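Participant: Pasting structure32.cif below, which is mmCIF, C-alpha atoms.
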data_target
#
loop_
_atom_site.label_atom_id
_atom_site.label_comp_id
_atom_site.auth_asym_id
_atom_site.auth_seq_id
_atom_site.Cartn_x
_atom_site.Cartn_y
_atom_site.Cartn_z
CA MET A 1 160.99 92.22 101.37
CA SER A 2 158.52 92.23 98.47
CA GLU A 3 156.71 95.44 97.63
CA ARG A 4 153.01 95.48 98.35
CA ILE A 5 150.70 96.72 95.61
CA VAL A 6 146.99 97.41 95.64
CA ILE A 7 145.70 97.22 92.07
CA ALA A 8 142.48 99.02 91.11
CA LEU A 9 140.96 97.56 87.94
CA GLY A 10 138.84 99.80 85.74
CA GLY A 11 135.82 98.75 83.73
CA ASN A 12 137.86 98.03 80.59
CA ALA A 13 139.67 95.28 82.51
CA LEU A 14 136.36 93.49 83.04
CA GLN A 15 134.24 94.26 80.00
CA SER A 16 135.19 95.19 76.44
CA LYS A 17 133.35 97.50 74.08
CA ASN A 18 134.07 94.92 71.38
CA SER A 19 132.46 91.94 73.12
CA PRO A 20 128.88 91.34 74.25
CA PRO A 21 128.01 92.34 77.85
CA THR A 22 127.33 88.72 78.78
CA ALA A 23 128.91 86.63 81.52
CA GLU A 24 130.79 84.68 78.84
CA GLY A 25 131.98 87.85 77.15
CA GLN A 26 133.15 89.29 80.45
CA LEU A 27 135.02 86.13 81.38
CA ARG A 28 136.98 86.27 78.11
CA VAL A 29 138.05 89.84 78.91
CA VAL A 30 138.90 88.93 82.52
CA LYS A 31 141.13 86.07 81.33
CA LYS A 32 143.22 88.52 79.31
CA THR A 33 143.30 90.92 82.26
CA CYS A 34 144.55 88.23 84.60
CA GLU A 35 147.47 87.44 82.30
CA HIS A 36 148.82 90.91 83.09
CA ILE A 37 148.11 90.60 86.82
CA ALA A 38 149.84 87.21 86.91
CA ASP A 39 152.88 88.81 85.24
CA VAL A 40 153.01 91.38 88.06
CA SER A 41 152.79 88.60 90.65
CA GLY A 42 155.52 86.72 88.78
CA ARG A 43 157.87 89.67 89.34
CA GLY A 44 157.65 89.05 93.08
CA TYR A 45 155.17 91.74 94.06
CA GLU A 46 152.54 91.03 96.73
CA LEU A 47 149.08 91.93 95.46
CA ALA A 48 145.56 92.79 96.41
CA ILE A 49 142.89 93.57 93.83
CA VAL A 50 140.00 96.02 93.84
CA HIS A 51 137.64 96.15 90.86
CA GLY A 52 134.90 98.43 89.63
CA ASN A 53 131.33 97.36 88.94
CA GLY A 54 129.64 100.31 87.23
CA PRO A 55 128.39 98.52 84.11
CA GLN A 56 127.70 95.26 85.94
CA VAL A 57 125.73 96.60 88.91
CA GLY A 58 123.72 98.76 86.53
CA ARG A 59 122.76 95.73 84.47
CA ILE A 60 121.91 93.67 87.55
CA LEU A 61 119.70 96.47 88.82
CA LEU A 62 118.09 96.94 85.40
CA ALA A 63 117.33 93.22 85.14
CA SER A 64 115.90 93.18 88.66
CA GLU A 65 113.69 96.20 88.05
CA THR A 66 112.52 94.88 84.67
CA ALA A 67 111.44 91.58 86.25
CA LYS A 68 109.71 93.18 89.25
CA ASP A 69 106.31 91.85 88.19
CA LEU A 70 107.66 88.29 88.31
CA THR A 71 110.00 88.45 91.30
CA PRO A 72 110.70 91.18 93.88
CA ALA A 73 113.32 93.69 92.79
CA MET A 74 116.53 93.55 94.80
CA PRO A 75 117.67 96.69 96.66
CA PHE A 76 120.74 98.52 95.40
CA ASP A 77 123.14 97.28 98.08
CA VAL A 78 122.16 93.66 97.36
CA CYS A 79 122.81 94.23 93.66
CA GLY A 80 126.26 95.51 94.62
CA ALA A 81 126.89 92.37 96.65
CA MET A 82 125.81 90.25 93.67
CA SER A 83 128.30 92.06 91.44
CA GLN A 84 131.10 91.47 93.97
CA GLY A 85 130.35 87.76 93.94
CA TYR A 86 130.26 87.13 90.23
CA ILE A 87 133.08 89.47 89.23
CA GLY A 88 135.23 88.07 92.04
CA TYR A 89 134.44 84.55 90.87
CA HIS A 90 135.56 85.38 87.34
CA ILE A 91 138.81 86.94 88.56
CA GLN A 92 139.49 84.03 90.92
CA GLN A 93 139.02 81.48 88.17
CA ALA A 94 141.03 83.34 85.53
CA LEU A 95 143.85 84.51 87.79
CA LYS A 96 144.36 81.11 89.42
CA TYR A 97 144.78 79.57 85.96
CA ALA A 98 147.15 82.33 84.78
CA LEU A 99 149.26 81.91 87.91
CA SER A 100 149.42 78.13 87.45
CA LEU A 101 150.88 78.63 83.97
CA ARG A 102 153.71 80.54 85.66
CA ASN A 103 154.17 77.88 88.35
CA ILE A 104 152.88 80.25 91.02
CA ASN A 105 150.82 78.35 93.57
CA VAL A 106 148.97 80.88 95.67
CA PRO A 107 145.27 80.93 96.62
CA VAL A 108 143.07 83.61 95.07
CA LEU A 109 139.89 84.49 96.93
CA THR A 110 137.16 87.09 97.16
CA VAL A 111 136.02 88.74 100.37
CA ALA A 112 132.49 90.14 100.29
CA THR A 113 133.38 93.56 101.62
CA GLN A 114 131.22 96.15 103.35
CA VAL A 115 132.47 99.72 103.43
CA ILE A 116 131.05 102.25 105.86
CA VAL A 117 130.02 105.65 104.50
CA ASP A 118 128.65 108.74 106.22
CA LYS A 119 124.85 108.87 105.94
CA ASN A 120 125.19 112.68 105.78
CA ASP A 121 127.71 112.63 102.92
CA PRO A 122 126.71 115.42 100.48
CA ALA A 123 127.09 112.91 97.62
CA PHE A 124 123.61 111.61 98.46
CA GLU A 125 122.23 114.97 97.31
CA ASN A 126 124.33 115.07 94.13
CA PRO A 127 124.40 111.73 92.23
CA SER A 128 127.57 111.50 90.13
CA LYS A 129 128.68 107.87 89.74
CA PRO A 130 127.86 106.41 86.28
CA ILE A 131 126.42 102.90 86.24
CA GLY A 132 124.94 100.61 83.63
CA PRO A 133 124.99 100.91 79.83
CA PHE A 134 125.31 104.00 77.64
CA TYR A 135 122.24 105.70 76.16
CA THR A 136 121.57 108.34 73.55
CA GLU A 137 120.38 111.74 74.74
CA ALA A 138 116.82 110.92 73.67
CA GLU A 139 116.87 107.60 75.53
CA ALA A 140 118.29 109.34 78.61
CA LYS A 141 115.46 111.88 78.63
CA THR A 142 112.92 109.07 78.39
CA LEU A 143 114.46 107.27 81.37
CA GLU A 144 114.46 110.49 83.39
CA THR A 145 110.77 110.99 82.64
CA GLU A 146 109.53 107.43 82.95
CA LYS A 147 111.73 106.02 85.73
CA GLY A 148 112.99 109.10 87.53
CA TYR A 149 116.65 108.24 86.90
CA SER A 150 119.36 110.87 87.15
CA MET A 151 121.18 110.84 83.79
CA LYS A 152 124.43 112.57 82.86
CA GLU A 153 126.72 112.67 79.85
CA ASP A 154 129.81 110.53 80.47
CA ALA A 155 133.10 111.80 79.00
CA GLY A 156 131.77 112.14 75.45
CA ARG A 157 130.69 108.51 75.25
CA GLY A 158 126.94 108.92 75.76
CA PHE A 159 124.53 109.24 78.67
CA ARG A 160 124.45 106.97 81.70
CA ARG A 161 122.46 106.70 84.87
CA VAL A 162 124.23 108.26 87.85
CA VAL A 163 123.83 107.38 91.53
CA PRO A 164 125.28 108.80 94.77
CA SER A 165 128.97 108.07 95.33
CA PRO A 166 129.85 108.75 98.98
CA LEU A 167 133.43 108.58 100.19
CA PRO A 168 134.57 105.39 101.94
CA LYS A 169 135.28 105.79 105.65
CA LYS A 170 136.01 102.30 106.99
CA ILE A 171 136.46 98.80 105.55
CA VAL A 172 134.46 96.49 107.80
CA GLU A 173 136.38 93.31 106.93
CA ILE A 174 139.87 94.89 107.01
CA ASP A 175 141.19 92.62 109.78
CA ALA A 176 140.34 89.51 107.75
CA ILE A 177 141.95 91.02 104.64
CA ARG A 178 145.14 91.75 106.59
CA ASP A 179 145.18 88.21 108.00
CA LEU A 180 144.86 86.72 104.52
CA TRP A 181 147.49 88.95 102.91
CA ASN A 182 150.56 86.76 103.52
CA SER A 183 148.93 83.58 102.23
CA SER A 184 146.64 84.71 99.40
CA ILE A 185 145.84 87.19 96.67
CA VAL A 186 142.70 88.84 98.00
CA ILE A 187 140.01 90.46 95.87
CA SER A 188 138.16 92.89 98.11
CA CYS A 189 136.20 96.13 98.11
CA GLY A 190 134.68 95.05 94.80
CA GLY A 191 132.76 97.87 93.16
CA GLY A 192 134.11 100.13 95.89
CA GLY A 193 132.58 97.87 98.53
CA ILE A 194 128.96 97.36 99.55
CA PRO A 195 128.04 100.80 100.95
CA VAL A 196 126.65 100.64 104.47
CA VAL A 197 125.96 103.15 107.23
CA GLU A 198 126.51 102.46 110.91
CA ASN A 199 123.49 102.94 113.14
CA LEU A 200 123.64 104.18 116.74
CA ASP A 201 123.20 100.61 118.03
CA GLY A 202 126.23 99.44 116.02
CA THR A 203 124.25 97.63 113.31
CA LEU A 204 125.06 98.15 109.65
CA GLU A 205 122.50 99.07 107.02
CA GLY A 206 122.97 99.01 103.25
CA VAL A 207 122.31 102.18 101.26
CA ALA A 208 121.59 102.93 97.58
CA ALA A 209 124.95 104.13 96.31
CA VAL A 210 128.15 103.06 94.56
CA ILE A 211 131.47 103.92 96.18
CA ASP A 212 134.15 104.84 93.67
CA LYS A 213 136.53 101.88 93.45
CA ASP A 214 139.59 104.17 93.19
CA PHE A 215 138.86 105.77 96.57
CA ALA A 216 138.15 102.35 98.08
CA ALA A 217 141.44 101.03 96.67
CA GLU A 218 143.25 104.02 98.17
CA LEU A 219 141.74 103.36 101.59
CA LEU A 220 142.69 99.69 101.32
CA ALA A 221 146.24 100.64 100.28
CA GLU A 222 146.54 102.79 103.40
CA GLN A 223 145.19 100.10 105.71
CA VAL A 224 147.36 97.23 104.43
CA ASP A 225 150.47 99.45 104.36
CA ALA A 226 150.92 99.09 100.60
CA ASP A 227 154.00 100.52 98.92
CA VAL A 228 152.22 101.32 95.67
CA LEU A 229 148.67 102.21 94.67
CA MET A 230 148.28 101.23 91.01
CA ILE A 231 145.18 102.40 89.17
CA LEU A 232 144.75 100.62 85.85
CA THR A 233 142.52 102.19 83.23
CA GLU A 234 142.11 102.52 79.45
CA VAL A 235 144.88 105.04 78.82
CA GLU A 236 148.63 104.74 79.26
CA LYS A 237 149.03 108.15 80.88
CA VAL A 238 146.98 110.91 82.45
CA ALA A 239 146.61 113.81 80.04
CA VAL A 240 145.65 117.46 80.11
CA ASN A 241 143.73 119.08 77.25
CA TRP A 242 142.36 115.61 76.56
CA GLY A 243 141.26 115.05 72.96
CA LYS A 244 142.50 118.45 71.80
CA PRO A 245 145.37 119.25 69.38
CA ASN A 246 147.45 120.40 72.35
CA GLN A 247 146.85 117.28 74.45
CA LYS A 248 149.78 116.62 76.76
CA ASP A 249 150.44 113.22 78.33
CA LEU A 250 151.95 113.41 81.81
CA ASP A 251 154.91 111.24 82.82
CA SER A 252 154.64 112.54 86.37
CA LEU A 253 152.19 114.58 88.38
CA ASN A 254 152.90 116.22 91.73
CA LEU A 255 150.28 117.45 94.18
CA LYS A 256 150.74 121.13 93.36
CA ASP A 257 150.21 120.61 89.62
CA ALA A 258 147.36 118.17 90.23
CA VAL A 259 145.46 120.77 92.26
CA ARG A 260 145.95 123.33 89.49
CA TYR A 261 144.74 120.95 86.80
CA ILE A 262 141.67 120.05 88.85
CA GLU A 263 140.86 123.75 89.27
CA GLU A 264 141.10 124.03 85.47
CA SER A 265 138.62 121.09 85.12
CA GLN A 266 141.19 119.08 83.17
CA PHE A 267 139.95 115.71 84.46
CA ALA A 268 136.46 114.39 83.74
CA PRO A 269 134.23 113.67 86.78
CA GLY A 270 133.36 109.98 87.03
CA SER A 271 136.32 109.16 84.79
CA MET A 272 139.89 110.44 85.34
CA LEU A 273 139.12 112.84 88.19
CA PRO A 274 138.52 110.21 90.92
CA LYS A 275 141.65 108.34 89.81
CA VAL A 276 143.81 111.43 90.17
CA MET A 277 142.17 112.40 93.47
CA ALA A 278 142.65 108.92 94.94
CA ALA A 279 146.30 108.91 93.87
CA MET A 280 146.74 112.37 95.43
CA LYS A 281 145.26 111.22 98.72
CA PHE A 282 147.63 108.25 98.90
CA VAL A 283 150.83 110.25 98.31
CA ARG A 284 149.60 113.08 100.54
CA THR A 285 149.19 110.55 103.37
CA TYR A 286 152.45 108.75 102.53
CA PRO A 287 154.80 111.26 100.84
CA HIS A 288 157.56 108.65 100.44
CA LYS A 289 155.31 106.23 98.54
CA LYS A 290 153.93 106.41 95.03
CA ALA A 291 150.75 106.03 93.05
CA ILE A 292 150.68 105.04 89.40
CA ILE A 293 147.95 105.54 86.80
CA THR A 294 148.39 103.61 83.58
CA SER A 295 146.84 101.06 81.24
CA LEU A 296 146.53 97.39 82.04
CA ASP A 297 148.98 96.27 79.34
CA LYS A 298 151.64 98.71 80.61
CA ALA A 299 151.50 97.69 84.27
CA ILE A 300 154.97 96.10 84.37
CA ASP A 301 156.61 98.95 82.46
CA ALA A 302 154.94 101.49 84.73
CA LEU A 303 156.17 99.71 87.86
CA GLU A 304 159.66 99.93 86.38
CA GLY A 305 159.23 103.65 85.77
CA LYS A 306 159.21 103.34 81.97
CA THR A 307 155.72 104.69 81.35
CA GLY A 308 152.44 105.58 83.02
CA THR A 309 151.85 108.66 85.15
CA GLN A 310 153.73 108.59 88.44
CA VAL A 311 151.83 110.62 91.02
CA THR A 312 154.18 112.03 93.67
CA PHE A 313 154.05 114.31 96.66
CA SER A 314 156.40 116.89 95.14
#
I need this file expressed as structure tokens, please.
Facilitator:
Amino acid sequence: MSERIVIALGGNALQSKNSPPTAEGQLRVVKKTCEHIADVSGRGYELAIVHGNGPQVGRILLASETAKDLTPAMPFDVCGAMSQGYIGYHIQQALKYALSLRNINVPVLTVATQVIVDKNDPAFENPSKPIGPFYTEAEAKTLETEKGYSMKEDAGRGFRRVVPSPLPKKIVEIDAIRDLWNSSIVISCGGGGIPVVENLDGTLEGVAAVIDKDFAAELLAEQVDADVLMILTEVEKVAVNWGKPNQKDLDSLNLKDAVRYIEESQFAPGSMLPKVMAAMKFVRTYPHKKAIITSLDKAIDALEGKTGTQVTFS
């Protein structure tokens, strides 16, 4: 029986620092990304894909707010849905073509996915999820003053707007995703899913937040009984003492050591920390399974145990 993998794609898999942040520029990056995903599929693995949307949803929101005098600004949850649609479309188009080159004939489709969060999640009082483009410190201060944004420095790369990032509790469309699994490669929980809260009468209501895609991918991996949670990012391995002369890349990371490193603040919030925490949650729930954190171009080698950071229970 083929192993099931849920792949979480980071921002570098969708948008490059070396190409313009246009739809055309993103599609070129996505085409390269899908070559690697198609290679994984070609090895016989069954796949589902979750992607981030931090830069994209930020730009959609910025465009909407900038044009508010011409057309009504869209609420945050609608902007998230828009990002799911166009990123999913790009992945569908590029991955279907990459699969066809390998004589793999399987449908690729996107499910607009709502994810329920707790309206009382403390994250709503402490915005932490970076979205949109990078700014200088001076630009960030101006945005805080003029627009009331919450701005934070992001892993030494500049300042970005931050929004609440509540934890995912339930994937609304999970039954449909399970039904599609055996016949398709499903792209779901895009951008972590459209965050919604459940009202007392059972209705769902969108909220202004971005769910971390790594936590959403972990929840999806649990609910489709995946064998592997694979989180693809910019670096080949998780590291401690990042950027310092004594930096140490980790081939493996067990729960005990992960907790210690988190207590030492080794992993940057909004960057490596949620990836490690999502991987920890998966192996804590399923001690006999594994989570892998690695770079996109090393996905196959990491699945074969040749590189990447293998996150294990013990």
Participant: May I ask which of the residues A:His90, A:Lys306, A:Lys213, A:Lys31 is the closest one to A:His51, counting all atoms listed in the file?
Facilitator: A:Lys213
Participant: Could you state which residues are captured by the PyMOL selection byres ((chain A and resi 2) around 10) in this file, as a list in words?
Facilitator: Met1, Glu3, Arg4, Ile5, Arg43, Gly44, Tyr45, Glu46, Leu47 and Asp227 of chain A
Participant: May I have the residues from that selection written out with C-alpha atoms, as a compact mmCIF listing (two decimals), keeping the file's coordinate frame?
Facilitator:
# COMPACT_ATOMS: atom_id res chain seq x y z
CA MET A 1 160.99 92.22 101.37
CA GLU A 3 156.71 95.44 97.63
CA ARG A 4 153.01 95.48 98.35
CA ILE A 5 150.70 96.72 95.61
CA ARG A 43 157.87 89.67 89.34
CA GLY A 44 157.65 89.05 93.08
CA TYR A 45 155.17 91.74 94.06
CA GLU A 46 152.54 91.03 96.73
CA LEU A 47 149.08 91.93 95.46
CA ASP A 227 154.00 100.52 98.92
Participant: Given the choices A:Leu9, A:Val163, A:Ile174, A:Ser184, which gets closest to A:Asp225 if the distance is worked out from all atoms listed in the file?
Facilitator: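 Of the candidates, the smallest distance to A:Asp225 is held by A:Ile174.
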Participant: Applying 9 Å and all atoms listed in the file, which residues near stretch 158-161 of chain A remain after dropping the ones on its own chain fewer than 5 positions away? List them as a PyMOL selection string.
Facilitator: chain A and resi 58+128-137+139-140+143-144+149-153
Participant: For a quick check of understanding, using all atoms listed in the file, which of A:Ile171, A:Val276, A:Leu27, A:Leu99 has the smallest distance to A:Leu229?
Facilitator: A:Val276
Participant: Care to translate the PyMOL selection byres ((chain A and resi 36) around 12) into actual residues of this file, as an mmCIF file with C-alpha atoms, in the coordinates of the input?
Facilitator:
data_model
loop_
_atom_site.group_PDB
_atom_site.id
_atom_site.type_symbol
_atom_site.label_atom_id
_atom_site.label_comp_id
_atom_site.auth_asym_id
_atom_site.auth_seq_id
_atom_site.Cartn_x
_atom_site.Cartn_y
_atom_site.Cartn_z
ATOM 1 C CA ILE A 7 145.700 97.220 92.070
ATOM 2 C CA LEU A 9 140.960 97.560 87.940
ATOM 3 C CA ALA A 13 139.670 95.280 82.510
ATOM 4 C CA VAL A 29 138.050 89.840 78.910
ATOM 5 C CA VAL A 30 138.900 88.930 82.520
ATOM 6 C CA LYS A 31 141.130 86.070 81.330
ATOM 7 C CA LYS A 32 143.220 88.520 79.310
ATOM 8 C CA THR A 33 143.300 90.920 82.260
ATOM 9 C CA CYS A 34 144.550 88.230 84.600
ATOM 10 C CA GLU A 35 147.470 87.440 82.300
ATOM 11 C CA ILE A 37 148.110 90.600 86.820
ATOM 12 C CA ALA A 38 149.840 87.210 86.910
ATOM 13 C CA ASP A 39 152.880 88.810 85.240
ATOM 14 C CA VAL A 40 153.010 91.380 88.060
ATOM 15 C CA SER A 41 152.790 88.600 90.650
ATOM 16 C CA GLY A 42 155.520 86.720 88.780
ATOM 17 C CA ARG A 43 157.870 89.670 89.340
ATOM 18 C CA ALA A 94 141.030 83.340 85.530
ATOM 19 C CA LEU A 95 143.850 84.510 87.790
ATOM 20 C CA ALA A 98 147.150 82.330 84.780
ATOM 21 C CA LEU A 99 149.260 81.910 87.910
ATOM 22 C CA ARG A 102 153.710 80.540 85.660
ATOM 23 C CA LEU A 232 144.750 100.620 85.850
ATOM 24 C CA SER A 295 146.840 101.060 81.240
ATOM 25 C CA LEU A 296 146.530 97.390 82.040
ATOM 26 C CA ASP A 297 148.980 96.270 79.340
ATOM 27 C CA LYS A 298 151.640 98.710 80.610
ATOM 28 C CA ALA A 299 151.500 97.690 84.270
ATOM 29 C CA ILE A 300 154.970 96.100 84.370
ATOM 30 C CA ASP A 301 156.610 98.950 82.460
#
Participant: Rounded to one decimal place, report the atom CA of A:Lys170-atom CA of A:Gly191 distance in Å.
Facilitator: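 Separating atom CA of A:Lys170 from atom CA of A:Gly191 is a distance of 14.9 Å.
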Participant: Pick from A:Trp181, A:Phe124, A:Tyr261, A:Tyr286: nearest to A:Asn241, with only C-alpha atoms counted?
Facilitator: A:Tyr261
Participant: Could you please determine the separation between atom CA of A:Leu220 and atom CA of A:Ser314 in Å, to one decimal place?
Facilitator: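 Between atom CA of A:Leu220 and atom CA of A:Ser314 the gap is 22.8 Å.
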Participant: Report as a PyMOL selection string all protein, DNA and RNA residues lying within 12 Å of A:Gln26, evaluated on only C-alpha atoms, omitting residues in the same chain fewer than 2 positions from it.
Facilitator: chain A and resi 11-24+28-33+53+55-56+86-91+94
Participant: I'd like the residues picked by the PyMOL selection byres ((chain A and resi 79-82) around 9) written out as a ChimeraX atom specification, using the chain letters and numbers from the file.
Facilitator: /A:53,56-58,60-61,64,74-78,83-87,112-114,190-191,193-195,209-210
Participant: Record the distance separating atom CA of A:Val235 and atom CA of A:Glu304, expressed in Å with one decimal.
Facilitator: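 The value is 17.4 Å.
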Participant: Between A:Tyr97, A:Gly10, A:Glu198, A:Asp251, which is the closest to A:Pro274 once you count only C-alpha atoms?
Facilitator: A:Gly10
Participant: Ranking A:Val283, A:Ala268, A:Ile293, A:Leu62 by minimum distance to A:Leu255 and counting all atoms listed in the file, which one comes first?
Facilitator: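 Closest residue, counting all atoms listed in the file: A:Val283.
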Participant: Can stretch 211-228 of chain A be brought up to N, CA and C atoms and written out as an mmCIF file, in the frame of the given file?
Facilitator:
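Result written to result12.cif:
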data_model
loop_
_atom_site.group_PDB
_atom_site.id
_atom_site.type_symbol
_atom_site.label_atom_id
_atom_site.label_comp_id
_atom_site.auth_asym_id
_atom_site.auth_seq_id
_atom_site.Cartn_x
_atom_site.Cartn_y
_atom_site.Cartn_z
ATOM 1 N N ILE A 211 130.227 103.274 95.776
ATOM 2 C CA ILE A 211 131.470 103.920 96.180
ATOM 3 C C ILE A 211 132.462 103.816 95.031
ATOM 4 N N ASP A 212 133.158 104.890 94.742
ATOM 5 C CA ASP A 212 134.150 104.840 93.670
ATOM 6 C C ASP A 212 135.261 103.864 94.033
ATOM 7 N N LYS A 213 135.559 102.935 93.131
ATOM 8 C CA LYS A 213 136.530 101.880 93.450
ATOM 9 C C LYS A 213 137.941 102.442 93.634
ATOM 10 N N ASP A 214 138.252 103.592 93.024
ATOM 11 C CA ASP A 214 139.590 104.170 93.190
ATOM 12 C C ASP A 214 139.792 104.685 94.613
ATOM 13 N N PHE A 215 138.758 105.310 95.179
ATOM 14 C CA PHE A 215 138.860 105.770 96.570
ATOM 15 C C PHE A 215 138.884 104.593 97.539
ATOM 16 N N ALA A 216 138.122 103.545 97.222
ATOM 17 C CA ALA A 216 138.150 102.350 98.080
ATOM 18 C C ALA A 216 139.521 101.680 98.015
ATOM 19 N N ALA A 217 140.101 101.622 96.811
ATOM 20 C CA ALA A 217 141.440 101.030 96.670
ATOM 21 C C ALA A 217 142.472 101.843 97.439
ATOM 22 N N GLU A 218 142.322 103.165 97.423
ATOM 23 C CA GLU A 218 143.250 104.020 98.170
ATOM 24 C C GLU A 218 143.143 103.756 99.658
ATOM 25 N N LEU A 219 141.928 103.650 100.165
ATOM 26 C CA LEU A 219 141.740 103.360 101.590
ATOM 27 C C LEU A 219 142.330 102.002 101.938
ATOM 28 N N LEU A 220 142.112 101.009 101.079
ATOM 29 C CA LEU A 220 142.690 99.690 101.320
ATOM 30 C C LEU A 220 144.214 99.767 101.312
ATOM 31 N N ALA A 221 144.774 100.505 100.363
ATOM 32 C CA ALA A 221 146.240 100.640 100.280
ATOM 33 C C ALA A 221 146.806 101.237 101.560
ATOM 34 N N GLU A 222 146.104 102.216 102.122
ATOM 35 C CA GLU A 222 146.540 102.790 103.400
ATOM 36 C C GLU A 222 146.507 101.736 104.499
ATOM 37 N N GLN A 223 145.426 100.962 104.553
ATOM 38 C CA GLN A 223 145.190 100.100 105.710
ATOM 39 C C GLN A 223 145.941 98.773 105.647
ATOM 40 N N VAL A 224 146.502 98.419 104.492
ATOM 41 C CA VAL A 224 147.360 97.230 104.430
ATOM 42 C C VAL A 224 148.821 97.625 104.295
ATOM 43 N N ASP A 225 149.094 98.929 104.438
ATOM 44 C CA ASP A 225 150.470 99.450 104.360
ATOM 45 C C ASP A 225 151.112 99.109 103.021
ATOM 46 N N ALA A 226 150.390 99.360 101.938
ATOM 47 C CA ALA A 226 150.920 99.090 100.600
ATOM 48 C C ALA A 226 152.019 100.094 100.254
ATOM 49 N N ASP A 227 152.936 99.642 99.411
ATOM 50 C CA ASP A 227 154.000 100.520 98.920
ATOM 51 C C ASP A 227 153.552 101.316 97.701
ATOM 52 N N VAL A 228 152.652 100.715 96.923
ATOM 53 C CA VAL A 228 152.220 101.320 95.670
ATOM 54 C C VAL A 228 150.702 101.179 95.517
#
